[in-house]
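Here the structure is laid out as structure tokens; the discussion comes afterwards.
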Amino acid sequence: MERTFRTLVCTEEKGVCTLLLNAPPVNVITRALLEELDEAFQTLEFHTDLRAVVLSSALPKRFCAGADIKQFQTWTSATGSENCRFGSQVYRRIERFPRPVLCAVNGSAFGGGLELAMACDVRIFDERARVALPECTLGMQPGYGGTQRLPRLVGPGFAKKMMYTGLPITAQEALRAGLADELAPAGGSLDAALELAQTIARRAPIAVAQIKKSVACAMEHGLEEGLRFENRGIALLCGTGDKQEGAQAFVEKRPPVFRNR
């Protein structure tokens, strides 16, 4: 991506785009950061060679501190609703991005920062990470999808406990609850996410994209519709060259060369 951002660092290599939040000192989620995230993911949709995105932070000990709390004092019902609506739309774009989005949580992630991580497909936590949804301590509630995504990931009871208290949990607690999918050694979450992204990049892109759509369909519309969508995906994939290549490579005992078609 040629665009230079003020709040993001963007690099691409071997089919993987790395997006680092870069808004020192703590990566507060401002309107500018949300707008640049939105622009970045809109642009990346047209990168036909892209296989995965890794989202992390350029700050060594902080993934994202969440929304700018100083703004809360000026929010009215109308402006608060509009700001959260826009942020939620950006996170929804990330969630619906057609390729896998992996999140390396390399430090603390609070409020909108944790909500951003939850909008990604897979979350790899630094073993020292701490995360929380502390909005209720400010007289607020999560507004970027936290009340919807957290119960789906960890179950309603654990989610309510986190949101009712606003207290942080450790990376180990997040892993046990299902909020984190993998723990990395201290300082190693980005490397672990990039390694996983490169593994994904070697798989059939059409198949990976269809898997993402199938899982999303089941999560949003239930088992029956998910099964129907899965079957339609099988019909689509059976007509692709990548399916033929995958089967042929298996028979010939060689690595497949997928061409995304």
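Convention: chains lettered A, B, ... in structure tokens order; per-chain residue numbering from 1; ligands numbered from 1 as shown.
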
For His47 of chain A: contacts at 12 Å, only C-alpha atoms, fewer than 6 positions along chain excluded, given as a list in words: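 Contacts, with the query itself left out: Met1, Glu2, Glu12, Gly15, Val16, Cys17, Ala40, Phe41, Val53, Phe97, Pro98 and Arg99 of chain A.
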
Write the residues of the preceding selection, restricted to C-alpha atoms, as a PDB file, in the first residue's frame.
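Saved result, result_23.pdb, follows:
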```
ATOM      1  CA  MET A   1       0.000   0.000   0.000  1.00  0.00           C
ATOM      2  CA  GLU A   2       1.587   3.287  -1.106  1.00  0.00           C
ATOM      3  CA  GLU A  12       3.220  -5.816   2.798  1.00  0.00           C
ATOM      4  CA  GLY A  15       0.927 -11.770   0.544  1.00  0.00           C
ATOM      5  CA  VAL A  16       0.630 -10.549   4.134  1.00  0.00           C
ATOM      6  CA  CYS A  17      -0.130  -6.943   5.115  1.00  0.00           C
ATOM      7  CA  ALA A  40      -6.734   1.020   4.872  1.00  0.00           C
ATOM      8  CA  PHE A  41      -9.161  -1.897   4.864  1.00  0.00           C
ATOM      9  CA  VAL A  53      -3.750  -9.056   7.373  1.00  0.00           C
ATOM     10  CA  PHE A  97     -12.954  -8.244   5.393  1.00  0.00           C
ATOM     11  CA  PRO A  98     -12.765 -11.020   2.772  1.00  0.00           C
ATOM     12  CA  ARG A  99      -9.393 -12.343   3.917  1.00  0.00           C
TER      13      ARG A  99
END
```

Expected answer as a list of chain:residue names: strand (DSSP E or B) residues in segment 72-261 of chain A: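 So, restricting segment 72-261 of chain A to strand (DSSP E or B), we get A:Val101, A:Leu102, A:Cys103, A:Ala104, A:Val105, A:Ser108, A:Ala109, A:Phe110, A:Val122, A:Arg123, A:Ile124, A:Phe125, A:Asp126, A:Arg130, A:Val131, A:Ala132, A:Ile169, A:Thr170, A:Glu182, A:Leu183, A:Ala184.
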
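Comparing A:Ile124, A:Val54, A:Leu183, A:Val90 by their smallest distance to Ala197 of chain A, the closest is A:Val54 (using only C-alpha atoms).
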
Nearby residues (only C-alpha atoms) at most 10 Å from Leu150 of chain A, same-chain spacing under 2 positions excluded, as a PyMOL selection string: chain A and resi 114-115+118-119+133+145-148+152-156+158-160+162-163+178-179

Alpha helix (DSSP H) call set, DSSP backbone run, segment 17-261 of chain A, as JSON, numbers by chain: {"A": [31, 32, 33, 34, 35, 36, 37, 38, 39, 40, 41, 42, 43, 44, 77, 78, 79, 80, 81, 82, 83, 84, 85, 86, 87, 88, 89, 90, 91, 92, 93, 94, 95, 112, 113, 114, 115, 116, 117, 118, 146, 147, 148, 149, 150, 151, 152, 153, 154, 156, 157, 158, 159, 160, 161, 162, 163, 164, 165, 171, 172, 173, 174, 175, 176, 177, 189, 190, 191, 192, 193, 194, 195, 196, 197, 198, 199, 200, 201, 205, 206, 207, 208, 209, 210, 211, 212, 213, 214, 215, 216, 217, 218, 219, 220, 221, 223, 224, 225, 226, 227, 228, 229, 230, 231, 232, 233, 234, 235, 236, 237, 241, 242, 243, 244, 245, 246, 247, 248, 249, 250, 251, 252]}

Test item: residues at most 12 Å from Met140 of chain A, only C-alpha atoms, excluding those fewer than 5 positions along its chain, as a ChimeraX atom specification: /A:67,69,72-73,75,77,80-81,84,111,133-135,147,163-164,166

Residue contacts of Cys103 of chain A (8 Å, only C-alpha atoms) excluding same-chain residues fewer than 2 positions away, as a list in words: Val54, Leu55, Ser56, Val101, Val105, Ala117, Cys120, Asp121, Val122, Arg123, Ile124 and Ala193 of chain A

Among listed residues A:Gly66, A:Gly143, A:Leu50, A:Arg3, nearest Ala23 of chain A (using only C-alpha atoms):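 Looking only at the distances to Ala23 of chain A, the closest residue turns out to be A:Gly66.
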
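The interatomic distance for the pair atom CA of Pro205 of chain A and atom CA of Glu230 of chain A works out to 16.3 Å.
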
Within 10 Å of segment 241-254 of chain A, which residues of segment 136-235 of chain A show up? Give each one with its shortest atom-to-atom distance in Å (one decimal) and the two atoms involved, counting only C-alpha atoms, rows by chain then rising residue number, as a Markdown table.
```
| residue | atom | partner | partner_atom | distance |
| --- | --- | --- | --- | --- |
| A:Arg203 | CA | A:Gly246 | CA | 9.3 |
| A:Ala204 | CA | A:Asp242 | CA | 6.4 |
| A:Pro205 | CA | A:Asp242 | CA | 8.5 |
| A:Ile206 | CA | A:Asp242 | CA | 7.7 |
| A:Ala207 | CA | A:Asp242 | CA | 8.4 |
```

d(atom CA of Gly188 of chain A, atom CA of Glu39 of chain A) in Å: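 Atom-to-atom, atom CA of Gly188 of chain A to atom CA of Glu39 of chain A, that is 27.8 Å.
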
Atom CA of Gly107 of chain A to atom CA of Glu45 of chain A, distance in Å rounded to a single decimal: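 Going from atom CA of Gly107 of chain A over to atom CA of Glu45 of chain A covers 27.8 Å.
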
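Using only C-alpha atoms, the smallest distance between any of A:Gln89, A:Thr43, A:Pro100, A:Leu33 and Leu194 of chain A comes from A:Pro100.
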